>>> print(open('work-v1.txt').read())   # compact mmCIF, C-alpha atoms
# COMPACT_ATOMS: atom_id res chain seq x y z
CA MET A 1 100.14 107.38 124.25
CA PHE A 2 101.52 104.38 126.16
CA ARG A 3 98.04 102.91 126.54
CA LYS A 4 97.40 103.36 122.82
CA LEU A 5 100.63 101.61 121.85
CA LYS A 6 99.95 98.86 124.36
CA GLY A 7 96.54 98.31 122.79
CA ILE A 8 98.04 98.10 119.29
CA VAL A 9 100.62 95.54 120.43
CA LEU A 10 97.90 93.52 122.14
CA ILE A 11 95.76 93.48 118.99
CA LYS A 12 98.77 92.50 116.88
CA ASN A 13 99.70 89.65 119.22
CA THR A 14 96.09 88.46 119.33
CA GLY A 15 95.89 88.49 115.54
CA MET A 16 99.15 86.57 115.23
CA LEU A 17 97.95 84.00 117.75
CA LEU A 18 94.72 83.59 115.78
CA GLY A 19 96.70 83.10 112.56
CA ILE A 20 98.88 80.42 114.17
CA CYS A 21 95.87 78.62 115.63
CA MET A 22 94.02 78.63 112.31
CA GLY A 23 97.09 77.32 110.51
CA LEU A 24 97.46 74.51 113.03
CA VAL A 25 93.78 73.61 112.60
CA ALA A 26 94.24 73.30 108.83
CA SER A 27 97.39 71.19 109.25
CA LEU A 28 95.72 68.86 111.74
CA ILE A 29 92.70 68.33 109.49
CA TRP A 30 94.74 67.71 106.34
CA GLY A 31 97.23 65.55 108.22
CA SER A 32 94.47 63.49 109.84
CA TRP A 33 92.52 62.91 106.59
CA PRO A 34 94.49 59.84 105.39
CA VAL A 35 94.44 58.39 108.92
CA ILE A 36 90.69 58.83 109.42
CA SER A 37 90.01 57.57 105.88
CA LYS A 38 92.12 54.48 106.54
CA LEU A 39 90.22 54.00 109.81
CA ALA A 40 86.96 54.24 107.86
CA GLN A 41 88.10 51.42 105.59
CA THR A 42 88.67 49.21 108.63
CA GLN A 43 85.02 49.93 109.51
CA ASN A 44 83.99 48.57 106.08
CA ILE A 45 83.21 52.03 104.71
CA THR A 46 83.91 51.98 100.97
CA SER A 47 85.73 54.56 98.86
CA VAL A 48 82.47 55.38 97.08
CA GLU A 49 80.72 56.06 100.39
CA ILE A 50 83.53 58.36 101.57
CA THR A 51 83.48 60.22 98.25
CA ILE A 52 79.72 60.73 98.43
CA LEU A 53 79.93 61.91 102.04
CA ARG A 54 82.67 64.40 101.20
CA PHE A 55 81.22 66.03 98.11
CA GLY A 56 77.52 65.43 98.67
CA ILE A 57 77.60 67.41 101.90
CA SER A 58 80.15 70.06 100.92
CA GLY A 59 78.46 70.53 97.53
CA LEU A 60 75.14 71.39 99.18
CA ILE A 61 76.79 73.74 101.68
CA LEU A 62 78.94 75.58 99.10
CA LEU A 63 76.29 75.80 96.34
CA PRO A 64 75.22 79.32 97.44
CA VAL A 65 78.82 80.51 96.88
CA LEU A 66 78.38 79.99 93.14
CA PHE A 67 75.17 82.07 93.14
CA ILE A 68 76.77 84.82 95.22
CA HIS A 69 79.68 85.12 92.77
CA SER A 70 77.37 84.72 89.73
CA ILE A 71 79.21 81.71 88.30
CA SER A 72 77.71 80.75 84.93
CA LEU A 73 76.75 77.23 83.97
CA ARG A 74 79.26 77.35 81.10
CA SER A 75 82.08 78.23 83.49
CA LEU A 76 80.97 75.47 85.83
CA CYS A 77 80.95 72.90 83.00
CA THR A 78 84.41 73.91 81.75
CA LYS A 79 86.58 75.31 84.53
CA GLY A 80 84.58 73.58 87.25
CA VAL A 81 84.96 70.15 85.62
CA ALA A 82 88.71 70.68 85.10
CA LEU A 83 89.16 71.69 88.74
CA ALA A 84 87.00 68.78 89.90
CA VAL A 85 89.27 66.34 88.05
CA GLY A 86 92.20 67.71 90.02
CA ALA A 87 90.79 68.00 93.55
CA GLY A 88 87.42 66.28 93.34
CA MET A 89 86.13 62.76 92.89
CA PRO A 90 89.08 61.31 90.88
CA TYR A 91 91.52 62.56 93.51
CA VAL A 92 89.60 61.09 96.45
CA LEU A 93 88.92 57.74 94.77
CA LEU A 94 92.58 57.40 93.74
CA ALA A 95 93.73 58.36 97.24
CA MET A 96 91.37 55.93 98.94
CA ASN A 97 92.42 53.04 96.70
CA GLY A 98 96.05 53.92 97.35
CA ILE A 99 95.52 54.01 101.11
CA SER A 100 93.88 50.58 100.98
CA LEU A 101 97.05 49.20 99.33
CA SER A 102 99.66 51.23 101.20
CA SER A 103 99.55 53.21 104.46
CA SER A 104 98.34 56.61 105.62
CA ALA A 105 101.95 57.44 106.54
CA HIS A 106 103.07 56.96 102.93
CA PHE A 107 100.19 59.12 101.72
CA GLY A 108 101.21 61.86 104.16
CA ILE A 109 104.74 61.79 102.79
CA ILE A 110 104.25 61.22 99.07
CA ALA A 111 101.05 63.05 98.09
CA PRO A 112 101.81 66.56 99.50
CA SER A 113 105.46 66.45 98.42
CA SER A 114 104.59 65.23 94.90
CA MET A 115 102.03 68.01 94.65
CA LEU A 116 104.69 70.59 95.49
CA VAL A 117 107.10 69.13 92.93
CA PHE A 118 104.51 69.03 90.13
CA SER A 119 103.27 72.51 91.07
CA THR A 120 106.81 73.87 90.87
CA LEU A 121 107.44 72.28 87.46
CA GLY A 122 104.02 73.34 86.19
CA SER A 123 104.47 76.93 87.35
CA ILE A 124 107.60 77.19 85.21
CA TYR A 125 105.82 76.21 81.99
CA LEU A 126 102.28 77.41 82.67
CA LEU A 127 102.82 80.51 84.81
CA SER A 128 106.31 81.44 83.49
CA GLU A 129 107.80 81.49 86.98
CA LYS A 130 111.55 81.22 87.47
CA LEU A 131 113.07 78.30 89.35
CA THR A 132 115.41 79.76 91.96
CA ARG A 133 118.36 77.88 93.39
CA GLN A 134 116.57 77.57 96.71
CA ARG A 135 113.43 76.02 95.19
CA LEU A 136 115.61 73.70 93.09
CA VAL A 137 117.37 72.44 96.23
CA GLY A 138 114.01 72.00 97.99
CA VAL A 139 112.45 70.08 95.09
CA SER A 140 115.53 67.88 94.80
CA MET A 141 115.36 67.01 98.51
CA ILE A 142 111.64 66.21 98.19
CA VAL A 143 112.27 63.92 95.22
CA LEU A 144 115.05 62.22 97.20
CA GLY A 145 112.74 61.69 100.19
CA VAL A 146 109.95 60.22 98.04
CA PHE A 147 112.49 58.02 96.24
CA ILE A 148 113.76 56.70 99.59
CA VAL A 149 110.24 55.72 100.68
CA GLY A 150 109.37 54.18 97.30
CA TRP A 151 112.71 52.38 97.04
CA HIS A 152 112.11 50.80 100.45
CA SER A 153 108.80 49.33 99.22
CA PHE A 154 110.46 48.12 96.01
CA ALA A 155 113.40 46.60 97.91
CA LEU A 156 111.00 44.60 100.05
CA MET A 157 109.30 43.43 96.82
CA ASN A 158 105.97 44.61 98.19
CA HIS A 159 104.32 45.39 94.87
CA GLN A 160 100.99 46.16 96.55
CA VAL A 161 102.47 48.96 98.68
CA LEU A 162 104.47 50.20 95.70
CA MET A 163 101.30 50.42 93.61
CA GLY A 164 99.63 52.41 96.39
CA ASP A 165 102.64 54.75 96.54
CA LEU A 166 102.41 55.33 92.77
CA MET A 167 98.74 56.20 93.24
CA PHE A 168 99.82 58.82 95.81
CA VAL A 169 102.15 60.32 93.20
CA GLY A 170 99.12 60.50 90.91
CA CYS A 171 97.21 62.27 93.70
CA GLY A 172 99.99 64.84 93.89
CA ALA A 173 99.79 65.41 90.15
CA LEU A 174 96.01 65.85 90.27
CA TRP A 175 96.13 68.33 93.17
CA ALA A 176 98.93 70.25 91.40
CA MET A 177 96.62 70.49 88.38
CA PHE A 178 93.93 72.01 90.61
CA THR A 179 96.42 74.45 92.14
CA LEU A 180 97.94 75.57 88.85
CA LEU A 181 94.61 76.02 87.06
CA GLY A 182 93.24 77.99 90.00
CA LYS A 183 96.23 80.34 89.81
CA TYR A 184 96.15 80.52 86.00
CA TRP A 185 92.48 81.47 85.97
CA LYS A 186 92.96 83.70 89.06
CA LEU A 187 89.95 82.21 90.79
CA ASN A 188 88.85 83.07 94.30
CA SER A 189 89.75 80.19 96.63
CA TRP A 190 86.15 79.84 97.82
CA VAL A 191 84.85 79.82 94.23
CA ALA A 192 87.37 77.17 93.18
CA THR A 193 86.49 74.99 96.18
CA ALA A 194 82.76 75.45 95.58
CA MET A 195 83.17 74.43 91.93
CA VAL A 196 85.00 71.26 92.92
CA SER A 197 82.45 70.34 95.59
CA VAL A 198 79.35 71.09 93.50
CA VAL A 199 80.56 69.37 90.32
CA SER A 200 81.77 66.34 92.29
CA GLY A 201 78.51 66.35 94.26
CA VAL A 202 76.51 66.18 91.04
CA LEU A 203 78.69 63.31 89.80
CA CYS A 204 77.93 61.44 93.02
CA PHE A 205 74.44 60.62 91.70
CA PRO A 206 75.60 58.44 88.79
CA LEU A 207 78.35 57.06 91.02
CA TYR A 208 75.67 56.00 93.47
CA GLY A 209 73.66 54.36 90.69
CA LEU A 210 76.63 52.57 89.11
CA SER A 211 77.83 51.06 92.36
CA ASN A 212 77.41 47.30 92.43
CA GLU A 213 77.38 47.15 96.23
CA PRO A 214 74.67 48.63 98.48
CA ILE A 215 75.66 52.04 99.85
CA PHE A 216 75.06 53.27 103.41
CA VAL A 217 72.98 50.18 104.18
CA ASP A 218 75.20 48.74 106.92
CA MET A 219 76.33 52.13 108.22
CA SER A 220 74.89 53.34 111.52
CA ILE A 221 73.50 56.85 111.91
CA THR A 222 76.32 57.75 114.30
CA THR A 223 79.00 56.61 111.86
CA PHE A 224 77.26 58.37 108.97
CA LEU A 225 77.12 61.67 110.86
CA ALA A 226 80.67 61.40 112.19
CA HIS A 227 82.31 60.71 108.84
CA GLY A 228 79.96 63.09 107.06
CA LEU A 229 80.98 65.89 109.42
CA PHE A 230 84.68 65.11 109.04
CA GLN A 231 84.75 64.57 105.27
CA GLY A 232 82.12 67.08 104.14
CA VAL A 233 82.63 69.92 106.63
CA LEU A 234 86.04 69.72 108.30
CA VAL A 235 88.16 68.55 105.36
CA ALA A 236 86.31 70.16 102.45
CA ILE A 237 85.41 73.50 104.07
CA LEU A 238 86.95 74.27 107.48
CA ALA A 239 90.52 73.31 106.52
CA LEU A 240 90.49 75.67 103.52
CA TYR A 241 88.91 78.50 105.52
CA SER A 242 91.43 78.06 108.35
CA TYR A 243 94.41 78.00 105.99
CA SER A 244 93.16 81.03 104.02
CA THR A 245 92.64 82.96 107.26
CA SER A 246 96.10 82.02 108.49
CA VAL A 247 97.73 83.21 105.26
CA SER A 248 95.76 86.49 105.32
CA ILE A 249 96.95 87.22 108.88
CA LEU A 250 100.51 85.90 108.84
CA GLY A 251 101.31 86.32 105.15
CA ALA A 252 101.99 83.72 102.48
CA ALA A 253 105.55 82.90 103.62
CA LYS A 254 104.68 82.26 107.27
CA GLY A 255 101.37 80.62 106.44
CA ALA A 256 103.09 78.15 104.13
CA VAL A 257 104.89 76.51 107.06
CA PHE A 258 101.65 74.79 108.04
CA ALA A 259 101.57 72.96 104.67
CA ALA A 260 104.99 71.56 105.55
CA LEU A 261 103.58 70.21 108.83
CA VAL A 262 101.11 67.89 107.07
CA PRO A 263 103.55 64.97 106.43
CA PRO A 264 104.85 64.64 110.03
CA ILE A 265 101.32 65.05 111.43
CA ALA A 266 100.01 62.26 109.18
CA ILE A 267 102.82 59.94 110.26
CA CYS A 268 102.40 60.67 113.99
CA LEU A 269 98.63 60.17 113.86
CA GLY A 270 99.06 56.98 111.85
CA VAL A 271 101.30 55.57 114.58
CA LEU A 272 99.01 56.70 117.41
CA ILE A 273 95.61 55.80 115.92
CA LEU A 274 96.30 52.98 113.46
CA ASN A 275 99.37 51.50 115.18
CA GLU A 276 101.29 51.78 111.92
CA ILE A 277 104.99 50.96 112.12
CA VAL A 278 107.39 53.59 110.79
CA THR A 279 110.84 52.32 109.87
CA TRP A 280 114.09 54.28 109.96
CA VAL A 281 114.00 54.41 106.16
CA GLU A 282 110.63 56.18 106.25
CA VAL A 283 111.91 58.52 108.97
CA THR A 284 114.84 59.39 106.70
CA GLY A 285 112.44 59.97 103.82
CA ILE A 286 110.12 62.22 105.81
CA THR A 287 113.10 64.22 107.09
CA CYS A 288 114.27 64.87 103.51
CA VAL A 289 110.73 65.76 102.46
CA PHE A 290 110.19 68.10 105.42
CA LEU A 291 113.48 69.95 104.90
CA GLY A 292 112.84 70.07 101.15
CA MET A 293 109.41 71.61 101.65
CA MET A 294 110.90 74.18 104.03
CA PHE A 295 113.46 75.15 101.37
CA ALA A 296 110.95 75.14 98.49
CA LEU A 297 108.46 77.26 100.42
CA GLY A 298 111.17 79.77 101.35
CA LEU A 299 110.99 79.00 105.06
CA ILE A 300 114.70 78.11 105.14
CA VAL A 301 116.96 80.45 103.17
CA PHE A 302 120.56 80.29 102.16
CA PRO A 303 122.75 82.70 104.13
CA SER A 304 123.65 85.77 102.12
CA LYS A 305 127.28 86.51 101.44
CA VAL A 306 128.75 88.93 103.92
CA LYS A 307 131.10 91.51 102.49
CA ILE A 308 133.97 92.49 104.74
CA SER A 309 135.14 96.04 104.24
CA HIS A 310 138.76 96.93 104.91
>>> encode(input="work-v1.txt", output="structure tokens")
Amino acid sequence: MFRKLKGIVLIKNTGMLLGICMGLVASLIWGSWPVISKLAQTQNITSVEITILRFGISGLILLPVLFIHSISLRSLCTKGVALAVGAGMPYVLLAMNGISLSSSAHFGIIAPSSMLVFSTLGSIYLLSEKLTRQRLVGVSMIVLGVFIVGWHSFALMNHQVLMGDLMFVGCGALWAMFTLLGKYWKLNSWVATAMVSVVSGVLCFPLYGLSNEPIFVDMSITTFLAHGLFQGVLVAILALYSYSTSVSILGAAKGAVFAALVPPIAICLGVLILNEIVTWVEVTGITCVFLGMMFALGLIVFPSKVKISH
């Protein structure tokens, strides 16, 4: 009996460890995306090239998913296009242009937090969810944190950075659209991701033809493979698989903590890899955003009232 219980505990601990590891993998990939994309721009890799690498590769890999789940062409041209607007080519192009004007640290703060705010507001009207006091406090803290970061750029009269920050807010709105529509249509996460990748991959062909500059001409094979692996496999596929696995093992509440880790990871990697300077104002903003996300995701709860009996 003791051996049997010991084996159950060992399996449970191993499963929990796997869930934590998978969640950390997803957080590291998502947190490193703005940093690696900014690094790619310093290597003269254009936004169009990054977009084609991301969706051209992931679209080919995930195409069989649509056949396995028998997704019709009509569904792909309606729901797939709507989802692709939210998390596909428009999102990546807007994010890349914003990163070129602002910093990867600002993207890591503003885009995920804006997504959570827009998702919360959208869930009230589209999914008829109730806004609890805890989520209201969390959203308010997130808005305050984003305002602090944006106000700092405005106070310095750096209109270029401010424009990039506004683009990051747009990225949050687009990703919230993808999230809300996926929930509204009750789509499988793999199906939704495959739709985004395949539709965006198809749109890469006219994007390639409309580009005024030569594409992939000055890029070495090593650089092509490295960024293709990161954008098309790690970001588009592995991060989602890792996060989904983490949530299935740990549960939605515990798995959500890894989404809250994305902003601080993006800032730390930006400092280490890109030598970006983070001011005390941005540290204050990220602290508000982090605590707000913890409240909104239910990872920090208000203490319940304790009744004292006489």
>>> closest_residue(input="work-v1.txt", among="A:Ser75, A:Gln41, A:Ser103, A:Thr51", to="Gly201 of chain A", atoms="all atoms listed in the file")
A:Thr51
>>> closest_residue(input="work-v1.txt", among="A:Ile286, A:Cys268, A:Leu181, A:Met294", to="Thr78 of chain A", atoms="all atoms listed in the file")
A:Leu181
>>> residues_around(input="work-v1.txt", residues="segment 160-168 of chain A", least_positions_apart="5", cutoff="8 Å", atoms="all atoms listed in the file", output="list in words")
Leu94, Ala95, Asn97, Gly98, Ile99, Ser100, Leu101, Ser102, Ser103, His106, Phe107, Ile110, Ala111, Gly150, Ser153 and Phe154 of chain A
>>> write_last_selection(input="work-v1.txt", atoms="C-alpha atoms", output="PDB file, in the frame of the given file")
ATOM      1  CA  LEU A  94      92.580  57.400  93.740  1.00  0.00           C
ATOM      2  CA  ALA A  95      93.730  58.360  97.240  1.00  0.00           C
ATOM      3  CA  ASN A  97      92.420  53.040  96.700  1.00  0.00           C
ATOM      4  CA  GLY A  98      96.050  53.920  97.350  1.00  0.00           C
ATOM      5  CA  ILE A  99      95.520  54.010 101.110  1.00  0.00           C
ATOM      6  CA  SER A 100      93.880  50.580 100.980  1.00  0.00           C
ATOM      7  CA  LEU A 101      97.050  49.200  99.330  1.00  0.00           C
ATOM      8  CA  SER A 102      99.660  51.230 101.200  1.00  0.00           C
ATOM      9  CA  SER A 103      99.550  53.210 104.460  1.00  0.00           C
ATOM     10  CA  HIS A 106     103.070  56.960 102.930  1.00  0.00           C
ATOM     11  CA  PHE A 107     100.190  59.120 101.720  1.00  0.00           C
ATOM     12  CA  ILE A 110     104.250  61.220  99.070  1.00  0.00           C
ATOM     13  CA  ALA A 111     101.050  63.050  98.090  1.00  0.00           C
ATOM     14  CA  GLY A 150     109.370  54.180  97.300  1.00  0.00           C
ATOM     15  CA  SER A 153     108.800  49.330  99.220  1.00  0.00           C
ATOM     16  CA  PHE A 154     110.460  48.120  96.010  1.00  0.00           C
TER      17      PHE A 154
END
>>> closest_residue(input="work-v1.txt", among="A:Ala84, A:Ile215, A:Ile68, A:Leu144", to="Ser113 of chain A", atoms="all atoms listed in the file")
A:Leu144
>>> atom_distance(input="work-v1.txt", atom1="atom CA of Val35 of chain A", atom2="atom CA of Gly108 of chain A")
9.0 Å
>>> atom_distance(input="work-v1.txt", atom1="atom CA of Gly270 of chain A", atom2="atom CA of Met96 of chain A")
15.1 Å
>>> residues_around(input="work-v1.txt", residues="Ile142 of chain A", least_positions_apart="3", cutoff="12 Å", atoms="only C-alpha atoms", output="NGL selection string")
:A and (109-118 or 120 or 135-139 or 145-149 or 260 or 263 or 284-297)
>>> closest_residue(input="work-v1.txt", among="A:Ser37, A:Ser27, A:Thr223, A:Ser200", to="Cys77 of chain A", atoms="all atoms listed in the file")
A:Ser200
>>> atom_distance(input="work-v1.txt", atom1="atom CA of Thr222 of chain A", atom2="atom CA of Asn44 of chain A")
14.5 Å
>>> closest_residue(input="work-v1.txt", among="A:Ile249, A:Ile29, A:Ile57, A:Leu73", to="Leu17 of chain A", atoms="only C-alpha atoms")
A:Ile249
>>> closest_residue(input="work-v1.txt", among="A:Phe178, A:Ile50, A:Val233, A:Gly228", to="Ala192 of chain A", atoms="all atoms listed in the file")
A:Phe178
